[in-house]
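Chemist: Just model_36.pdb, nothing more (PDB, C-alpha atoms):
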MODEL        1
ATOM      1  CA  MET B  93     -21.461  -1.524   0.175
ATOM      2  CA  GLY B  94     -22.160  -0.514  -3.411
ATOM      3  CA  ARG B  95     -19.353   2.022  -3.278
ATOM      4  CA  GLU B  96     -16.754  -0.612  -2.377
ATOM      5  CA  GLN B  97     -18.031  -2.988  -5.038
ATOM      6  CA  ALA B  98     -17.839  -0.199  -7.561
ATOM      7  CA  ASP B  99     -14.217   0.506  -6.598
ATOM      8  CA  GLU B 100     -13.291  -3.136  -6.822
ATOM      9  CA  GLN B 101     -15.099  -3.525 -10.126
ATOM     10  CA  LEU B 102     -13.180  -0.576 -11.504
ATOM     11  CA  LEU B 103      -9.889  -2.094 -10.419
ATOM     12  CA  ILE B 104     -10.823  -5.491 -11.854
ATOM     13  CA  ALA B 105     -11.811  -3.809 -15.122
ATOM     14  CA  PHE B 106      -8.376  -2.211 -15.162
ATOM     15  CA  ILE B 107      -6.643  -5.524 -14.416
ATOM     16  CA  ASP B 108      -8.619  -7.767 -16.756
ATOM     17  CA  GLU B 109      -9.442  -5.441 -19.614
ATOM     18  CA  ASN B 110      -6.602  -2.913 -19.275
ATOM     19  CA  ASN B 111      -9.352  -0.318 -18.915
ATOM     20  CA  GLU B 112      -7.441   2.940 -18.409
ATOM     21  CA  ALA B 113     -10.663   4.892 -17.860
ATOM     22  CA  ALA B 114     -11.478   2.665 -14.879
ATOM     23  CA  PHE B 115      -8.141   3.450 -13.310
ATOM     24  CA  GLY B 116      -8.669   7.138 -14.026
ATOM     25  CA  ALA B 117     -12.003   6.985 -12.224
ATOM     26  CA  LEU B 118     -10.372   5.402  -9.176
ATOM     27  CA  TYR B 119      -7.677   8.055  -9.186
ATOM     28  CA  THR B 120     -10.133  10.915  -9.471
ATOM     29  CA  LYS B 121     -12.264   9.454  -6.722
ATOM     30  CA  HIS B 122      -9.577   8.809  -4.121
ATOM     31  CA  TYR B 123      -6.554  11.007  -4.846
ATOM     32  CA  LYS B 124      -7.676  14.109  -2.940
ATOM     33  CA  GLN B 125      -8.874  12.141   0.067
ATOM     34  CA  LEU B 126      -5.577  10.292   0.170
ATOM     35  CA  VAL B 127      -3.614  13.551   0.134
ATOM     36  CA  LYS B 128      -5.765  14.888   2.952
ATOM     37  CA  PHE B 129      -5.246  11.698   4.950
ATOM     38  CA  PHE B 130      -1.497  12.320   4.835
ATOM     39  CA  MET B 131      -1.949  15.981   5.669
ATOM     40  CA  TRP B 132      -4.127  15.255   8.689
ATOM     41  CA  LEU B 133      -1.372  12.928   9.846
ATOM     42  CA  SER B 134       1.029  15.882   9.822
ATOM     43  CA  MET B 135       2.704  15.393   6.472
ATOM     44  CA  PRO B 136       3.541  18.561   4.502
ATOM     45  CA  GLN B 137       1.239  19.118   1.537
ATOM     46  CA  ASP B 138       3.875  18.656  -1.194
ATOM     47  CA  GLU B 139       5.086  15.450   0.363
ATOM     48  CA  ALA B 140       1.499  14.267   0.816
ATOM     49  CA  GLN B 141       0.798  14.821  -2.881
ATOM     50  CA  ASP B 142       3.992  12.997  -3.880
ATOM     51  CA  GLN B 143       3.151  10.072  -1.638
ATOM     52  CA  ALA B 144      -0.402   9.852  -2.970
ATOM     53  CA  GLN B 145       0.863   9.937  -6.579
ATOM     54  CA  ASN B 146       3.445   7.266  -5.827
ATOM     55  CA  ILE B 147       0.786   5.019  -4.347
ATOM     56  CA  PHE B 148      -1.338   5.305  -7.483
ATOM     57  CA  ILE B 149       1.682   4.689  -9.708
ATOM     58  CA  LYS B 150       2.438   1.584  -7.667
ATOM     59  CA  ILE B 151      -1.148   0.397  -8.088
ATOM     60  CA  TYR B 152      -1.002   1.173 -11.813
ATOM     61  CA  ASN B 153       2.147  -0.857 -12.305
ATOM     62  CA  ASN B 154       1.231  -3.709  -9.962
ATOM     63  CA  PRO B 155      -2.560  -4.001  -9.839
ATOM     64  CA  LEU B 156      -2.294  -7.736  -9.289
ATOM     65  CA  LEU B 157      -0.993  -7.046  -5.794
ATOM     66  CA  PHE B 158      -4.592  -6.167  -4.858
ATOM     67  CA  ASP B 159      -5.726  -8.370  -2.012
ATOM     68  CA  ARG B 160      -9.210  -9.455  -3.042
ATOM     69  CA  THR B 161     -10.136 -10.301   0.527
ATOM     70  CA  LEU B 162     -10.074  -6.566   1.301
ATOM     71  CA  THR B 163     -12.091  -3.698  -0.075
ATOM     72  CA  PHE B 164     -10.211  -1.331  -2.373
ATOM     73  CA  LYS B 165     -10.359   1.411   0.262
ATOM     74  CA  SER B 166      -8.911  -0.847   2.960
ATOM     75  CA  TRP B 167      -6.079  -1.837   0.646
ATOM     76  CA  LEU B 168      -5.410   1.747  -0.437
ATOM     77  CA  TYR B 169      -5.292   3.116   3.099
ATOM     78  CA  ALA B 170      -3.252   0.165   4.382
ATOM     79  CA  ILE B 171      -0.603   1.091   1.794
ATOM     80  CA  ALA B 172      -0.935   4.747   2.787
ATOM     81  CA  LYS B 173      -0.575   3.946   6.473
ATOM     82  CA  ASN B 174       2.625   2.003   5.810
ATOM     83  CA  ARG B 175       3.977   4.793   3.627
ATOM     84  CA  HIS B 176       3.252   7.285   6.360
ATOM     85  CA  ALA B 177       5.000   5.122   8.954
ATOM     86  CA  ASN B 178       8.064   4.868   6.689
ATOM     87  CA  TYR B 179       8.019   8.595   6.083
ATOM     88  CA  MET B 180       7.860   9.357   9.788
ATOM     89  CA  ARG B 181      10.673   6.936  10.501
ATOM     90  CA  ASP B 182      12.894   8.210   7.694
ATOM     91  CA  ASN B 183      12.354  11.863   8.475
ATOM     92  CA  LYS B 184      12.241  11.526  12.227
ATOM     93  CA  VAL B 185       9.412  13.996  12.539
ATOM     94  CA  ARG B 186       7.633  11.945  15.144
ATOM     95  CA  PHE B 187       7.912  14.689  17.735
ATOM     96  CA  LYS B 188       7.166  17.618  15.484
ATOM     97  CA  HIS B 189       3.529  16.870  14.781
ATOM     98  CA  THR B 190       2.151  20.065  16.148
ATOM     99  CA  SER B 191       4.156  22.448  14.019
ATOM    100  CA  LEU B 192       3.746  20.375  10.844
ATOM    101  CA  PHE B 193       0.020  19.993  11.245
ATOM    102  CA  ALA B 194      -0.268  23.687  11.985
ATOM    103  CA  GLU B 195       1.596  24.339   8.720
ATOM    104  CA  ASN B 196      -0.867  22.160   6.882
ATOM    105  CA  ILE B 197      -3.798  23.989   8.342
ATOM    106  CA  SER B 198      -2.254  27.344   7.517
ATOM    107  CA  VAL B 199      -2.738  26.533   3.838
ATOM    108  CA  VAL B 200      -6.452  26.836   4.352
ATOM    109  CA  LYS B 201      -7.139  29.933   2.354
ATOM    110  CA  GLU B 202     -10.884  30.036   2.619
ATOM    111  CA  PRO B 203     -12.032  28.486   5.846
ATOM    112  CA  ALA B 204     -15.590  27.296   5.859
ATOM    113  CA  ALA B 205     -17.912  30.099   6.815
ATOM    114  CA  ASN B 206     -19.820  28.016   9.333
ATOM    115  CA  VAL B 207     -16.735  26.983  11.333
ATOM    116  CA  ASP B 208     -15.508  29.083  14.202
ATOM    117  CA  GLN B 209     -11.750  29.759  13.745
ATOM    118  CA  SER B 210     -11.030  29.507  17.464
ATOM    119  CA  LYS B 211     -12.800  26.165  17.511
ATOM    120  CA  ILE B 212     -10.649  24.981  14.588
ATOM    121  CA  LYS B 213      -7.515  25.868  16.519
ATOM    122  CA  LEU B 214      -8.793  23.972  19.526
ATOM    123  CA  ILE B 215      -9.635  20.909  17.425
ATOM    124  CA  VAL B 216      -6.225  20.975  15.730
ATOM    125  CA  HIS B 217      -4.590  21.267  19.112
ATOM    126  CA  ALA B 218      -6.701  18.411  20.462
ATOM    127  CA  LEU B 219      -5.914  16.165  17.491
ATOM    128  CA  ASP B 220      -2.222  16.787  17.960
ATOM    129  CA  ARG B 221      -2.498  15.589  21.512
ATOM    130  CA  LEU B 222      -3.907  12.248  20.433
ATOM    131  CA  SER B 223      -1.577   9.319  19.951
ATOM    132  CA  GLU B 224      -0.809   8.243  16.391
ATOM    133  CA  LYS B 225      -3.115   5.210  16.660
ATOM    134  CA  HIS B 226      -6.054   7.208  17.972
ATOM    135  CA  LYS B 227      -5.615   9.982  15.449
ATOM    136  CA  GLU B 228      -5.417   7.504  12.554
ATOM    137  CA  VAL B 229      -8.663   5.835  13.555
ATOM    138  CA  PHE B 230     -10.464   9.156  13.973
ATOM    139  CA  ILE B 231      -9.256  10.475  10.599
ATOM    140  CA  LEU B 232     -10.040   7.249   8.759
ATOM    141  CA  LYS B 233     -13.569   7.213  10.151
ATOM    142  CA  TYR B 234     -14.630  10.833   9.976
ATOM    143  CA  VAL B 235     -12.459  12.293   7.218
ATOM    144  CA  ASN B 236     -11.983   9.332   4.872
ATOM    145  CA  ASN B 237     -15.341   7.683   5.677
ATOM    146  CA  LEU B 238     -14.092   4.130   6.135
ATOM    147  CA  THR B 239     -16.262   1.615   7.953
ATOM    148  CA  ILE B 240     -15.203   0.095  11.276
ATOM    149  CA  ASN B 241     -14.301  -3.182   9.544
ATOM    150  CA  GLU B 242     -12.241  -1.383   6.907
ATOM    151  CA  ILE B 243     -10.368   0.526   9.603
ATOM    152  CA  ALA B 244      -9.776  -2.755  11.444
ATOM    153  CA  SER B 245      -8.188  -4.156   8.248
ATOM    154  CA  VAL B 246      -6.039  -1.075   7.790
ATOM    155  CA  CYS B 247      -4.863  -0.998  11.407
ATOM    156  CA  GLN B 248      -4.661  -4.794  11.692
ATOM    157  CA  CYS B 249      -6.688  -4.916  14.872
ATOM    158  CA  SER B 250     -10.179  -6.061  15.851
ATOM    159  CA  PRO B 251     -13.310  -3.987  15.157
ATOM    160  CA  GLY B 252     -13.806  -3.783  18.922
ATOM    161  CA  THR B 253     -10.411  -2.149  19.325
ATOM    162  CA  VAL B 254     -11.262   0.314  16.562
ATOM    163  CA  LYS B 255     -14.515   1.274  18.305
ATOM    164  CA  SER B 256     -12.727   1.655  21.587
ATOM    165  CA  ARG B 257     -10.012   3.868  20.062
ATOM    166  CA  LEU B 258     -12.579   5.886  18.153
ATOM    167  CA  PHE B 259     -14.736   6.562  21.181
ATOM    168  CA  TYR B 260     -11.674   7.430  23.256
ATOM    169  CA  SER B 261     -10.509   9.872  20.543
ATOM    170  CA  ILE B 262     -13.827  11.697  20.349
ATOM    171  CA  LYS B 263     -14.081  11.830  24.097
ATOM    172  CA  LYS B 264     -10.559  13.161  24.515
ATOM    173  CA  ILE B 265     -11.062  15.852  21.883
ATOM    174  CA  LYS B 266     -14.288  16.856  23.566
ATOM    175  CA  ASN B 267     -12.586  17.007  26.974
ATOM    176  CA  ILE B 268      -9.871  19.279  25.569
ATOM    177  CA  ILE B 269     -12.365  21.557  23.864
ATOM    178  CA  HIS B 270     -14.949  21.545  26.639
ATOM    179  CA  PRO B 271     -13.013  20.836  29.826
ATOM    180  CA  THR B 272     -15.292  19.997  32.707
ATOM    181  CA  LYS B 273     -14.340  20.548  36.323
ATOM    182  CA  LYS B 274     -13.788  16.840  36.699
ATOM    183  CA  ASN B 275     -11.349  16.763  33.748
ATOM    184  CA  VAL B 276      -9.492  19.890  34.823
ATOM    185  CA  VAL B 277      -8.881  18.435  38.268
TER
ATOM    186  CA  MET X 234     -19.465   1.025  29.612
ATOM    187  CA  ASN X 235     -17.656  -1.340  27.274
ATOM    188  CA  THR X 236     -16.801   0.792  24.254
ATOM    189  CA  ASP X 237     -15.735  -2.298  22.266
ATOM    190  CA  GLU X 238     -19.391  -3.194  21.938
ATOM    191  CA  LEU X 239     -20.652   0.195  20.787
ATOM    192  CA  PRO X 240     -22.732  -0.339  17.634
ATOM    193  CA  GLU X 241     -21.259   1.179  14.473
ATOM    194  CA  PHE X 242     -24.446   3.041  13.657
ATOM    195  CA  VAL X 243     -23.965   5.206  16.758
ATOM    196  CA  PHE X 244     -20.678   6.446  15.308
ATOM    197  CA  ASP X 245     -22.413   6.993  11.977
ATOM    198  CA  LEU X 246     -25.303   8.883  13.580
ATOM    199  CA  LEU X 247     -22.819  11.229  15.253
ATOM    200  CA  ALA X 248     -21.541  12.191  11.820
ATOM    201  CA  LYS X 249     -24.920  12.357  10.121
ATOM    202  CA  LYS X 250     -27.484  13.823  12.474
ATOM    203  CA  ASP X 251     -27.864  16.462  15.143
ATOM    204  CA  PHE X 252     -29.361  15.269  18.373
ATOM    205  CA  ASN X 253     -32.612  17.061  17.666
ATOM    206  CA  ASP X 254     -32.915  15.300  14.296
ATOM    207  CA  LEU X 255     -32.732  11.837  15.814
ATOM    208  CA  SER X 256     -35.888   9.744  15.948
ATOM    209  CA  ALA X 257     -37.174   8.627  19.323
ATOM    210  CA  ASN X 258     -35.814   5.169  18.691
ATOM    211  CA  GLU X 259     -32.358   6.501  17.729
ATOM    212  CA  LYS X 260     -32.295   8.788  20.749
ATOM    213  CA  GLU X 261     -33.066   5.883  23.022
ATOM    214  CA  LEU X 262     -30.249   3.801  21.500
ATOM    215  CA  CYS X 263     -27.722   6.629  21.740
ATOM    216  CA  MET X 264     -28.714   7.478  25.288
ATOM    217  CA  ALA X 265     -27.603   4.016  26.297
ATOM    218  CA  TYR X 266     -24.001   5.054  25.603
ATOM    219  CA  MET X 267     -23.832   8.818  26.178
ATOM    220  CA  THR X 268     -25.781  11.796  27.467
ATOM    221  CA  ALA X 269     -27.599  14.188  25.150
ATOM    222  CA  GLU X 270     -25.004  16.877  25.904
ATOM    223  CA  ASP X 271     -22.155  14.519  25.043
ATOM    224  CA  TYR X 272     -23.896  13.539  21.811
ATOM    225  CA  MET X 273     -24.229  17.183  20.804
ATOM    226  CA  ASN X 274     -20.599  17.917  21.637
ATOM    227  CA  TYR X 275     -19.298  14.853  19.766
ATOM    228  CA  ALA X 276     -21.450  15.632  16.717
ATOM    229  CA  ASP X 277     -20.234  19.235  16.778
ATOM    230  CA  ILE X 278     -16.569  18.112  16.808
ATOM    231  CA  ILE X 279     -17.088  15.789  13.869
ATOM    232  CA  ARG X 280     -18.953  18.449  11.924
ATOM    233  CA  SER X 281     -16.160  20.945  12.556
ATOM    234  CA  VAL X 282     -13.468  18.492  11.462
ATOM    235  CA  ARG X 283     -15.376  17.729   8.275
ATOM    236  CA  SER X 284     -15.888  21.390   7.500
ATOM    237  CA  LEU X 285     -12.202  22.016   8.037
ATOM    238  CA  ASP X 286     -11.330  19.063   5.824
ATOM    239  CA  ALA X 287     -13.599  20.336   3.066
ATOM    240  CA  SER X 288     -11.830  23.695   3.141
ATOM    241  CA  ILE X 289      -8.304  22.272   2.734
ATOM    242  CA  PRO X 290      -7.336  22.951  -0.881
ATOM    243  CA  VAL X 291      -5.622  20.135  -2.722
ATOM    244  CA  ASP X 292      -3.965  20.784  -6.033
ATOM    245  CA  PRO X 293      -5.486  18.208  -8.367
ATOM    246  CA  ARG X 294      -2.178  17.980 -10.314
ATOM    247  CA  ALA X 295      -1.872  16.449 -13.706
ATOM    248  CA  LYS X 296      -3.145  12.935 -13.926
ATOM    249  CA  ILE X 297      -0.534  10.248 -13.854
ATOM    250  CA  LYS X 298       1.071   9.770 -17.241
ATOM    251  CA  VAL X 299       2.741   6.433 -17.164
ATOM    252  CA  VAL X 300       2.991   4.107 -20.102
ATOM    253  CA  LYS X 301       2.064   0.561 -19.389
ATOM    254  CA  PRO X 302       4.800  -1.649 -20.841
ATOM    255  CA  ASN X 303       3.756  -3.732 -23.839
ATOM    256  CA  ARG X 304       4.522  -7.273 -22.777
ATOM    257  CA  SER X 305       5.465  -8.563 -26.250
ATOM    258  CA  SER X 306       8.060  -5.845 -26.832
ATOM    259  CA  SER X 307       9.158  -5.627 -23.224
ATOM    260  CA  LEU X 308      10.874  -9.001 -23.454
ATOM    261  CA  LEU X 309      13.085  -7.740 -26.263
ATOM    262  CA  PHE X 310      13.793  -4.307 -24.888
ATOM    263  CA  ARG X 311      13.852  -4.871 -21.186
ATOM    264  CA  PRO X 312      17.090  -3.815 -19.476
ATOM    265  CA  VAL X 313      19.506  -6.641 -18.714
ATOM    266  CA  PRO X 314      21.725  -6.453 -15.640
ATOM    267  CA  PHE X 315      25.495  -6.327 -16.165
ATOM    268  CA  TYR X 316      26.153  -9.562 -14.273
ATOM    269  CA  GLN X 317      23.792 -11.408 -16.606
ATOM    270  CA  CYS X 318      25.675 -10.089 -19.656
ATOM    271  CA  ALA X 319      29.023 -11.091 -18.143
ATOM    272  CA  ALA X 320      27.705 -14.546 -17.262
ATOM    273  CA  ALA X 321      26.370 -15.014 -20.804
ATOM    274  CA  VAL X 322      29.750 -14.052 -22.350
ATOM    275  CA  ILE X 323      31.692 -16.379 -20.025
ATOM    276  CA  LEU X 324      29.293 -19.227 -20.707
ATOM    277  CA  THR X 325      29.551 -18.717 -24.468
ATOM    278  CA  CYS X 326      33.372 -18.683 -24.317
ATOM    279  CA  ALA X 327      33.394 -21.836 -22.199
ATOM    280  CA  CYS X 328      31.084 -23.643 -24.631
ATOM    281  CA  CYS X 329      33.179 -22.586 -27.646
ATOM    282  CA  TYR X 330      36.401 -23.703 -25.965
ATOM    283  CA  PHE X 331      34.897 -27.072 -25.055
ATOM    284  CA  LEU X 332      33.538 -27.727 -28.562
ATOM    285  CA  PHE X 333      36.728 -26.662 -30.381
ATOM    286  CA  SER X 334      38.977 -28.671 -28.070
ATOM    287  CA  GLN X 335      36.792 -31.726 -28.707
ATOM    288  CA  ALA X 336      37.046 -31.263 -32.455
ATOM    289  CA  ILE X 337      40.856 -30.874 -32.383
ATOM    290  CA  THR X 338      41.273 -33.958 -30.200
ATOM    291  CA  ASN X 339      39.157 -36.011 -32.581
ATOM    292  CA  ARG X 340      41.205 -34.917 -35.606
ATOM    293  CA  SER X 341      44.658 -35.677 -34.113
ATOM    294  CA  THR X 342      43.810 -39.151 -32.840
ATOM    295  CA  PRO X 343      44.321 -41.922 -35.533
ATOM    296  CA  ASP X 344      41.512 -44.274 -36.155
ATOM    297  CA  VAL X 345      42.156 -47.553 -34.359
ATOM    298  CA  GLU X 346      40.118 -50.612 -35.020
ATOM    299  CA  PHE X 347      39.777 -53.008 -32.196
ATOM    300  CA  MET X 348      39.342 -56.615 -33.168
ATOM    301  CA  LYS X 349      37.950 -59.452 -31.175
ATOM    302  CA  ALA X 350      40.059 -62.510 -30.496
ATOM    303  CA  ASP X 351      38.081 -64.735 -32.864
ATOM    304  CA  GLN X 352      38.497 -62.224 -35.636
ATOM    305  CA  ILE X 353      42.313 -62.449 -35.545
ATOM    306  CA  LYS X 354      43.499 -64.729 -38.229
ATOM    307  CA  GLY X 355      46.951 -66.154 -38.654
ATOM    308  CA  VAL X 356      49.101 -64.731 -41.389
ATOM    309  CA  PRO X 357      50.452 -67.530 -43.624
ATOM    310  CA  LEU X 358      54.091 -67.036 -44.253
ATOM    311  CA  ALA X 359      55.514 -68.130 -47.522
ATOM    312  CA  GLU X 360      58.577 -70.339 -47.231
ATOM    313  CA  ASP X 361      60.706 -67.955 -49.135
ATOM    314  CA  ALA X 362      59.703 -65.081 -46.933
ATOM    315  CA  TYR X 363      60.253 -66.863 -43.624
ATOM    316  CA  PRO X 364      62.839 -65.076 -41.498
ATOM    317  CA  GLU X 365      66.091 -66.904 -41.642
ATOM    318  CA  ALA X 366      66.969 -66.194 -38.040
ATOM    319  CA  LEU X 367      64.165 -68.378 -36.998
ATOM    320  CA  ILE X 368      65.322 -71.341 -38.934
ATOM    321  CA  VAL X 369      67.020 -73.834 -36.688
ATOM    322  CA  GLU X 370      69.007 -76.553 -38.199
ATOM    323  CA  MET X 371      68.406 -79.788 -36.361
TER
ENDMDL
END
Taking this structure as input, can you express it in the form of structure tokens?

Modeler:
Amino acid sequence: MGREQADEQLLIAFIDENNEAAFGALYTKHYKQLVKFFMWLSMPQDEAQDQAQNIFIKIYNNPLLFDRTLTFKSWLYAIAKNRHANYMRDNKVRFKHTSLFAENISVVKEPAANVDQSKIKLIVHALDRLSEKHKEVFILKYVNNLTINEIASVCQCSPGTVKSRLFYSIKKIKNIIHPTKKNVV
Amino acid sequence: MNTDELPEFVFDLLAKKDFNDLSANEKELCMAYMTAEDYMNYADIIRSVRSLDASIPVDPRAKIKVVKPNRSSSLLFRPVPFYQCAAAVILTCACCYFLFSQAITNRSTPDVEFMKADQIKGVPLAEDAYPEALIVEM
């Protein structure tokens, strides 16, 4: 909880005291994760970086739009989710997820030593087979480290729905990677 | 099993701990929702995704360089839309026309004094100035 308070305090310091350093700290803390969020959702890297920059510029110019009933992370990723939806609609890439995500992953120059490359391919393939809603929830939880309540705010659904989607996502990925006889049939 | 009611800490444990690292109490709680094999598989998936995420390079880019507008000067130098300029010119012209036309009207109209009935006094006519046409010889 301290993390969220710290984020909100930084934003309030920026709003009330015009503290540029506070905004810089927020940017440094969240920019990369925001870019990766877009990339995991199949956005090309350049576009993901542009979108993330634009979000921070929007926050810089209109910090008073911050909804104080939400945590900073919820607010940030709610904006990002809407931006992503607009991007997908405008570019009509809804049905090209697989190739775009594969492009994103191909930029990995130094894959982690402890991760099996064939397993990575399987996971990428499995993620691409998830629906947009299920993938979003999975990425927000395990890549961006949001809490269930924060994800519920971002997705505008109940925490129960988030848990259900999250469990379904993990289970489906597991079934694709480790197909059992029951699943194959 | 109703997945809506799964406690959040189970999802967190999947990301944080291997099955063998769980305490007896944690194992018991997790076993209520999944088998040990499932737990290990789920934890392995999450670990792999996180490792992959950590290896995605992101260009940090230059930090945003935007200048926050100074509110006192922004009022003077803010851009004004064309329609507002046009409206201001038309309004100014209309005001000038109205004021000038008022002034001209006032100048051309002679001053007229209105008198009340009780203020009107008769004008005494001198006998020598009385109009002759009005004199009737009886």

Chemist: What are the residues of chain X lining chain B at 9 Å or less? Count all atoms listed in the file, and put the answer as a VMD selection string.

Modeler: chain X and resid 235 to 241 244 to 245 248 271 274 to 275 278 to 294 296 to 297 299 301 to 302

Chemist: Could the residues in this selection be saved with C-alpha atoms as a short mmCIF file (atom, residue, chain, number, x, y, z; two decimals), in the frame of the given file?

Modeler:
data_model
loop_
_atom_site.label_atom_id
_atom_site.label_comp_id
_atom_site.auth_asym_id
_atom_site.auth_seq_id
_atom_site.Cartn_x
_atom_site.Cartn_y
_atom_site.Cartn_z
CA ASN X 235 -17.66 -1.34 27.27
CA THR X 236 -16.80 0.79 24.25
CA ASP X 237 -15.74 -2.30 22.27
CA GLU X 238 -19.39 -3.19 21.94
CA LEU X 239 -20.65 0.20 20.79
CA PRO X 240 -22.73 -0.34 17.63
CA GLU X 241 -21.26 1.18 14.47
CA PHE X 244 -20.68 6.45 15.31
CA ASP X 245 -22.41 6.99 11.98
CA ALA X 248 -21.54 12.19 11.82
CA ASP X 271 -22.16 14.52 25.04
CA ASN X 274 -20.60 17.92 21.64
CA TYR X 275 -19.30 14.85 19.77
CA ILE X 278 -16.57 18.11 16.81
CA ILE X 279 -17.09 15.79 13.87
CA ARG X 280 -18.95 18.45 11.92
CA SER X 281 -16.16 20.94 12.56
CA VAL X 282 -13.47 18.49 11.46
CA ARG X 283 -15.38 17.73 8.28
CA SER X 284 -15.89 21.39 7.50
CA LEU X 285 -12.20 22.02 8.04
CA ASP X 286 -11.33 19.06 5.82
CA ALA X 287 -13.60 20.34 3.07
CA SER X 288 -11.83 23.70 3.14
CA ILE X 289 -8.30 22.27 2.73
CA PRO X 290 -7.34 22.95 -0.88
CA VAL X 291 -5.62 20.14 -2.72
CA ASP X 292 -3.96 20.78 -6.03
CA PRO X 293 -5.49 18.21 -8.37
CA ARG X 294 -2.18 17.98 -10.31
CA LYS X 296 -3.14 12.94 -13.93
CA ILE X 297 -0.53 10.25 -13.85
CA VAL X 299 2.74 6.43 -17.16
CA LYS X 301 2.06 0.56 -19.39
CA PRO X 302 4.80 -1.65 -20.84
#

Chemist: Please provide as a list in words all residues within 8 Å of Leu214 of chain B, with the sequence filter that same-chain residues fewer than 4 positions apart are discarded (counting all atoms listed in the file).

Modeler: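 The residues that qualify are Ser210, Ala218, Ile268 and Ile269 of chain B.
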
Chemist: Please identify all polymer residues within 12 Å of Leu255 of chain X, counting only C-alpha atoms, omitting same-chain residues fewer than 6 positions from it, and present them as a count of residues only.

Modeler: 13

Chemist: Interatomic distance between atom CA of Arg160 of chain B and atom CA of Glu100 of chain B?

Modeler: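 Separation of atom CA of Arg160 of chain B and atom CA of Glu100 of chain B: 8.4 Å.
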
Chemist: Would you compute the distance between atom CA of Ile171 of chain B and atom CA of Leu118 of chain B? Give it in Å to one decimal.

Modeler: 15.3 Å

Chemist: Translate the PyMOL selection byres ((chain B and resi 245) around 12), as applied to the file shown, into an explicit residue set as an MDAnalysis selection string.

Modeler: chainID B and resid 159 161:171 173 229 232 238:244 246:251 253:254

Chemist: Between atom CA of Lys260 of chain X and atom CA of Phe242 of chain X, measure the distance and give it in Å to one decimal.

Modeler: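 Distance between the two atoms: 12.0 Å.
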
Chemist: Rank nothing, just name the residue among B:Pro136, B:Pro155, B:Ser223, B:Leu126 nearest to Ala172 of chain B, using all atoms listed in the file.

Modeler: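 Looking only at the distances to Ala172 of chain B, the closest residue turns out to be B:Leu126.
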
Chemist: With distances taken over all atoms listed in the file, which residue among B:Ala144, B:Asp182, B:Leu156, B:Leu222 lies nearest His122 of chain B?

Modeler: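 Closest residue, counting all atoms listed in the file: B:Ala144.
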
Chemist: Dump segment 246-255 of chain B with N, CA, C and O atoms to a file, as a JSON list (two decimals), in the first residue's frame.

Modeler:
[["chain", "number", "residue", "atom", "x", "y", "z"],
["B", 246, "VAL", "N", -9.37, -0.71, -13.31],
["B", 246, "VAL", "CA", -8.92, -0.49, -14.70],
["B", 246, "VAL", "C", -9.92, -1.11, -15.68],
["B", 246, "VAL", "O", -10.29, -0.48, -16.68],
["B", 247, "CYS", "N", -10.35, -2.32, -15.39],
["B", 247, "CYS", "CA", -11.24, -3.04, -16.32],
["B", 247, "CYS", "C", -12.71, -2.74, -16.08],
["B", 247, "CYS", "O", -13.57, -3.23, -16.80],
["B", 248, "GLN", "N", -13.00, -1.96, -15.06],
["B", 248, "GLN", "CA", -14.38, -1.60, -14.71],
["B", 248, "GLN", "C", -15.26, -2.84, -14.55],
["B", 248, "GLN", "O", -16.29, -2.99, -15.21],
["B", 249, "CYS", "N", -14.76, -3.74, -13.73],
["B", 249, "CYS", "CA", -15.55, -4.94, -13.40],
["B", 249, "CYS", "C", -15.29, -5.27, -11.93],
["B", 249, "CYS", "O", -14.50, -4.59, -11.27],
["B", 250, "SER", "N", -15.96, -6.30, -11.43],
["B", 250, "SER", "CA", -15.81, -6.61, -10.00],
["B", 250, "SER", "C", -14.51, -7.37, -9.75],
["B", 250, "SER", "O", -13.99, -8.03, -10.67],
["B", 251, "PRO", "N", -14.00, -7.33, -8.51],
["B", 251, "PRO", "CA", -12.81, -8.12, -8.19],
["B", 251, "PRO", "C", -13.03, -9.61, -8.44],
["B", 251, "PRO", "O", -12.09, -10.32, -8.85],
["B", 252, "GLY", "N", -14.24, -10.07, -8.21],
["B", 252, "GLY", "CA", -14.55, -11.49, -8.45],
["B", 252, "GLY", "C", -14.36, -11.85, -9.92],
["B", 252, "GLY", "O", -13.81, -12.91, -10.25],
["B", 253, "THR", "N", -14.80, -10.96, -10.79],
["B", 253, "THR", "CA", -14.64, -11.20, -12.23],
["B", 253, "THR", "C", -13.16, -11.23, -12.61],
["B", 253, "THR", "O", -12.73, -12.05, -13.42],
["B", 254, "VAL", "N", -12.40, -10.33, -11.97],
["B", 254, "VAL", "CA", -10.95, -10.29, -12.25],
["B", 254, "VAL", "C", -10.32, -11.62, -11.85],
["B", 254, "VAL", "O", -9.55, -12.22, -12.62],
["B", 255, "LYS", "N", -10.67, -12.11, -10.65],
["B", 255, "LYS", "CA", -10.10, -13.38, -10.19],
["B", 255, "LYS", "C", -10.47, -14.53, -11.13],
["B", 255, "LYS", "O", -9.64, -15.38, -11.46]]
